[in-house]
Amino acid sequence: MDNKLISSVSPHFTSRRTTQNIMLDVIIALMPAAVASVVIFGLRSLLVICVCVATCMVSEFLFEKLCKRENTVMDLSSIVTGLLLAFNLPVSIPVWQAVFGSMVAIIVVKQLFGGIGQNFANPAITARIIMMTAFSGTMTNWVFPGTAKMTDAVSSATPLVAAAKGTTSMIPSYLDLLLGKHAGCLGETCAAAIILGGIYLLVRGVISWHTPVAFIATVALMSLICGKDALYQVLSGGLLLGAVFMATDYATTPPTKWGKVIFGIGCGLITILIRFWGNLPEGVSFSILLMNILTPYISKLTQNKPLVGEAKV
């Protein structure tokens with residue numbers, strides 16, 4: 001009999017949780033925001049979501065076939081990437097640009113670094129930043145809810161842009177922010193849908209509270225210190241979407257509890273710096289990407305130290 005000794009690195013414990021069912025939980029948690037985006041912006045929102053998801057899946061399948069790697073499409077991670085990227089795009093984005101961004105997310109950010117778990121940064125966030133640089137005009141062409149037809153769309157300002165410019169007539173109420181009745185990216189407008197998804201992930205044990213709470217609390221506290229409306233800053237822009245779904249990514253954020261807290265605080269501080277003193281009204285994507293780069297150092301700083309005792313003879 002040809003017996004083979006199979007060895008692997010730690011940890012050496014098993015769990016019923018697999019990548020596939022974790023990603024399935026994330027997809028379920030994203031569904032309220034997906035439905036809300038279609039209700040708020042119309043059927044073109046569904047088109048953008050489907051294009052991003054399909055492109056991500058096809059890109060992963062073809063790249064792994066080309067490189068003769070094990071196929072990982074069925075772990076559902078590419079679907080999550082497609083959903084998150086779509087949620088970070090305006091409804092008016094040209095379809096070919098959505099395809100480009102999806103290919104960048106999967107091929108450049110994820111697969112070229114070795115696939116799931118090996119990427120140093122969140123694929124959806126990195127792709128969005130690249131698209132913001134390459135297609136700044138279409139990436140900031142915000143459409144007011146109810147006018148998503150490209151033939152009669154009405155451009156509008158996001159809540160953060162309106163607040164930064166002091167356009168009080170365009171600043172939505174708290175209820176509008178909660179229900180998504182304002183211009184913005186597909187998945188970030190309806191705060192209630194994101195909160196519902198976050199609660200689901202917490203109950204299911206997919207994420208812990210450390211990073212989202214630290215992130216959101218830091219933004220709220222710094223807003224108060226700077227004399228801004230803390231609740232408005234929390235409900236506006238991509239803060240909730242980023243804190244719940246992207247700053248909790250397993251591969252690109254620290255695994256330790258204190259590491260998660262430090263990561264969240266860092267994201268919050270950078271977000272505030274960009275929102276209040278930067279040239280951009282929003283800073284969530286940039287803050288998460290910058291903290292992704294610091295993740296190895298935070299993990300090393302906060303890793304558990306082994307208990308070493310003196311041997312007794």
# chains A, B, ... in the order shown; residues from 1 in each chain; ligands from 1
$ residues_around --residues "Asp249 (chain A)" --least-positions-apart "4" --cutoff "9 Å" --atoms "only C-alpha atoms" --output "short mmCIF file (atom, residue, chain, number, x, y, z; two decimals) with N, CA and C atoms, in the first residue's frame"
data_model
loop_
_atom_site.label_atom_id
_atom_site.label_comp_id
_atom_site.auth_asym_id
_atom_site.auth_seq_id
_atom_site.Cartn_x
_atom_site.Cartn_y
_atom_site.Cartn_z
N ASN A 122 -8.63 44.89 -0.20
CA ASN A 122 -9.99 44.51 -0.59
C ASN A 122 -10.17 44.75 -2.08
N ILE A 207 -19.09 38.13 11.30
CA ILE A 207 -18.21 39.23 11.68
C ILE A 207 -18.33 39.46 13.18
N PHE A 245 -19.22 45.75 5.75
CA PHE A 245 -18.96 44.72 4.75
C PHE A 245 -17.52 44.69 4.21
N THR A 253 -7.82 42.26 6.84
CA THR A 253 -7.91 42.96 8.12
C THR A 253 -7.32 42.09 9.23
#
$ residues_around --residues "Val51 (chain A)" --least-positions-apart "2" --cutoff "9 Å" --atoms "only C-alpha atoms" --output "PyMOL selection string"
chain A and resi 46-49+53-56+82+86+95+98-99+102
$ write_last_selection --atoms "all heavy atoms" --output "PDB file, in the first residue's frame"
ATOM      1  N   LEU A  46     -30.254  47.035 -11.124  1.00  0.00           N
ATOM      2  CA  LEU A  46     -30.149  45.573 -11.258  1.00  0.00           C
ATOM      3  C   LEU A  46     -29.195  45.200 -12.389  1.00  0.00           C
ATOM      4  O   LEU A  46     -28.436  44.234 -12.272  1.00  0.00           O
ATOM      5  CB  LEU A  46     -31.530  44.975 -11.502  1.00  0.00           C
ATOM      6  CG  LEU A  46     -31.621  43.446 -11.593  1.00  0.00           C
ATOM      7  CD1 LEU A  46     -31.144  42.799 -10.302  1.00  0.00           C
ATOM      8  CD2 LEU A  46     -33.050  43.013 -11.922  1.00  0.00           C
ATOM      9  N   LEU A  47     -29.224  45.964 -13.480  1.00  0.00           N
ATOM     10  CA  LEU A  47     -28.315  45.710 -14.602  1.00  0.00           C
ATOM     11  C   LEU A  47     -26.859  45.859 -14.167  1.00  0.00           C
ATOM     12  O   LEU A  47     -26.023  44.994 -14.466  1.00  0.00           O
ATOM     13  CB  LEU A  47     -28.618  46.679 -15.749  1.00  0.00           C
ATOM     14  CG  LEU A  47     -27.633  46.652 -16.925  1.00  0.00           C
ATOM     15  CD1 LEU A  47     -27.663  45.298 -17.620  1.00  0.00           C
ATOM     16  CD2 LEU A  47     -27.925  47.787 -17.909  1.00  0.00           C
ATOM     17  N   VAL A  48     -26.550  46.931 -13.463  1.00  0.00           N
ATOM     18  CA  VAL A  48     -25.169  47.161 -13.002  1.00  0.00           C
ATOM     19  C   VAL A  48     -24.723  46.041 -12.064  1.00  0.00           C
ATOM     20  O   VAL A  48     -23.597  45.529 -12.170  1.00  0.00           O
ATOM     21  CB  VAL A  48     -25.055  48.533 -12.301  1.00  0.00           C
ATOM     22  CG1 VAL A  48     -23.658  48.712 -11.696  1.00  0.00           C
ATOM     23  CG2 VAL A  48     -25.343  49.659 -13.281  1.00  0.00           C
ATOM     24  N   ILE A  49     -25.600  45.634 -11.156  1.00  0.00           N
ATOM     25  CA  ILE A  49     -25.271  44.556 -10.216  1.00  0.00           C
ATOM     26  C   ILE A  49     -25.003  43.257 -10.960  1.00  0.00           C
ATOM     27  O   ILE A  49     -24.001  42.574 -10.706  1.00  0.00           O
ATOM     28  CB  ILE A  49     -26.405  44.370  -9.189  1.00  0.00           C
ATOM     29  CG1 ILE A  49     -26.494  45.592  -8.266  1.00  0.00           C
ATOM     30  CG2 ILE A  49     -26.181  43.105  -8.365  1.00  0.00           C
ATOM     31  CD1 ILE A  49     -27.704  45.582  -7.355  1.00  0.00           C
ATOM     32  N   VAL A  53     -21.390  41.202 -11.069  1.00  0.00           N
ATOM     33  CA  VAL A  53     -21.321  39.838 -10.534  1.00  0.00           C
ATOM     34  C   VAL A  53     -20.918  38.852 -11.629  1.00  0.00           C
ATOM     35  O   VAL A  53     -20.030  38.007 -11.439  1.00  0.00           O
ATOM     36  CB  VAL A  53     -22.672  39.431  -9.905  1.00  0.00           C
ATOM     37  CG1 VAL A  53     -22.689  37.939  -9.573  1.00  0.00           C
ATOM     38  CG2 VAL A  53     -22.942  40.252  -8.650  1.00  0.00           C
ATOM     39  N   ALA A  54     -21.552  38.950 -12.791  1.00  0.00           N
ATOM     40  CA  ALA A  54     -21.245  38.026 -13.891  1.00  0.00           C
ATOM     41  C   ALA A  54     -19.805  38.171 -14.356  1.00  0.00           C
ATOM     42  O   ALA A  54     -19.101  37.170 -14.589  1.00  0.00           O
ATOM     43  CB  ALA A  54     -22.203  38.273 -15.055  1.00  0.00           C
ATOM     44  N   THR A  55     -19.332  39.409 -14.483  1.00  0.00           N
ATOM     45  CA  THR A  55     -17.955  39.632 -14.921  1.00  0.00           C
ATOM     46  C   THR A  55     -16.950  39.096 -13.912  1.00  0.00           C
ATOM     47  O   THR A  55     -15.936  38.505 -14.300  1.00  0.00           O
ATOM     48  CB  THR A  55     -17.707  41.134 -15.154  1.00  0.00           C
ATOM     49  OG1 THR A  55     -18.671  41.647 -16.080  1.00  0.00           O
ATOM     50  CG2 THR A  55     -16.309  41.370 -15.705  1.00  0.00           C
ATOM     51  N   CYS A  56     -17.224  39.284 -12.645  1.00  0.00           N
ATOM     52  CA  CYS A  56     -16.326  38.769 -11.601  1.00  0.00           C
ATOM     53  C   CYS A  56     -16.245  37.245 -11.658  1.00  0.00           C
ATOM     54  O   CYS A  56     -15.157  36.663 -11.579  1.00  0.00           O
ATOM     55  CB  CYS A  56     -16.797  39.221 -10.228  1.00  0.00           C
ATOM     56  SG  CYS A  56     -16.424  40.952  -9.845  1.00  0.00           S
ATOM     57  N   GLY A  82     -18.297  41.089  -6.689  1.00  0.00           N
ATOM     58  CA  GLY A  82     -19.130  41.761  -7.686  1.00  0.00           C
ATOM     59  C   GLY A  82     -20.217  42.611  -7.061  1.00  0.00           C
ATOM     60  O   GLY A  82     -20.463  43.745  -7.498  1.00  0.00           O
ATOM     61  N   ALA A  86     -20.380  46.718  -7.300  1.00  0.00           N
ATOM     62  CA  ALA A  86     -21.591  47.354  -7.832  1.00  0.00           C
ATOM     63  C   ALA A  86     -22.176  48.339  -6.834  1.00  0.00           C
ATOM     64  O   ALA A  86     -22.645  49.428  -7.219  1.00  0.00           O
ATOM     65  CB  ALA A  86     -22.625  46.287  -8.192  1.00  0.00           C
ATOM     66  N   VAL A  95     -21.820  50.554 -18.772  1.00  0.00           N
ATOM     67  CA  VAL A  95     -21.672  49.124 -18.541  1.00  0.00           C
ATOM     68  C   VAL A  95     -20.237  48.662 -18.756  1.00  0.00           C
ATOM     69  O   VAL A  95     -19.701  47.865 -17.981  1.00  0.00           O
ATOM     70  CB  VAL A  95     -22.640  48.332 -19.445  1.00  0.00           C
ATOM     71  CG1 VAL A  95     -22.342  46.842 -19.392  1.00  0.00           C
ATOM     72  CG2 VAL A  95     -24.089  48.586 -19.024  1.00  0.00           C
ATOM     73  N   ALA A  98     -18.140  49.258 -15.760  1.00  0.00           N
ATOM     74  CA  ALA A  98     -18.442  48.285 -14.698  1.00  0.00           C
ATOM     75  C   ALA A  98     -17.723  46.971 -14.976  1.00  0.00           C
ATOM     76  O   ALA A  98     -17.207  46.318 -14.055  1.00  0.00           O
ATOM     77  CB  ALA A  98     -19.942  48.069 -14.599  1.00  0.00           C
ATOM     78  N   VAL A  99     -17.667  46.571 -16.253  1.00  0.00           N
ATOM     79  CA  VAL A  99     -16.943  45.357 -16.647  1.00  0.00           C
ATOM     80  C   VAL A  99     -15.457  45.526 -16.361  1.00  0.00           C
ATOM     81  O   VAL A  99     -14.805  44.632 -15.803  1.00  0.00           O
ATOM     82  CB  VAL A  99     -17.176  45.046 -18.143  1.00  0.00           C
ATOM     83  CG1 VAL A  99     -16.249  43.923 -18.609  1.00  0.00           C
ATOM     84  CG2 VAL A  99     -18.628  44.664 -18.383  1.00  0.00           C
ATOM     85  N   SER A 102     -14.731  45.330 -12.613  1.00  0.00           N
ATOM     86  CA  SER A 102     -14.879  43.962 -12.114  1.00  0.00           C
ATOM     87  C   SER A 102     -13.663  43.107 -12.470  1.00  0.00           C
ATOM     88  O   SER A 102     -13.192  42.304 -11.665  1.00  0.00           O
ATOM     89  CB  SER A 102     -16.153  43.337 -12.689  1.00  0.00           C
ATOM     90  OG  SER A 102     -17.294  44.094 -12.346  1.00  0.00           O
TER      91      SER A 102
END
$ residues_around --residues "Gly237 (chain A)" --least-positions-apart "6" --cutoff "7 Å" --atoms "only C-alpha atoms" --output "ChimeraX atom specification"
/A:160,188,282
$ residues_around --residues "Phe87 (chain A)" --least-positions-apart "2" --cutoff "6 Å" --atoms "only C-alpha atoms" --output "number ranges by chain"
A: 84-85, 89, 186-187
$ select_by_dssp --residues "region 84-227 of chain A" --states "alpha helix (DSSP H)" --output "PyMOL selection string"
chain A and resi 84-87+95-103+123-134+136-139+159-165+174-179+191-204+210-225
$ residues_around --residues "Thr18 (chain A)" --least-positions-apart "2" --cutoff "12 Å" --atoms "only C-alpha atoms" --output "PyMOL selection string"
chain A and resi 14-16+20-25+74-77+206
$ closest_residue --among "A:Lys305, A:Lys260, A:Arg17, A:His182" --to "Gly205 (chain A)" --atoms "only C-alpha atoms"
A:Arg17
$ residues_around --residues "region 284-289 of chain A" --least-positions-apart "6" --cutoff "12 Å" --atoms "only C-alpha atoms" --output "PyMOL selection string"
chain A and resi 84-85+88+109+119-132+188+211-212+215-216+219+233-234+236-249+252-253+263-275+278+295
$ atom_distance --atom1 "CA of Pro255 (chain A)" --atom2 "CA of Leu221 (chain A)"
24.9 Å
$ closest_residue --among "A:Ala251, A:Leu301, A:Leu83, A:Val91" --to "Leu43 (chain A)" --atoms "only C-alpha atoms"
A:Val91
$ closest_residue --among "A:Phe63, A:Ala29, A:Ala134, A:Ile79" --to "Ala193 (chain A)" --atoms "only C-alpha atoms"
A:Ala29
$ residues_around --residues "Ala33 (chain A)" --least-positions-apart "2" --cutoff "8 Å" --atoms "only C-alpha atoms" --output "PyMOL selection string"
chain A and resi 30-31+35-37+187-188+190+193-194+197
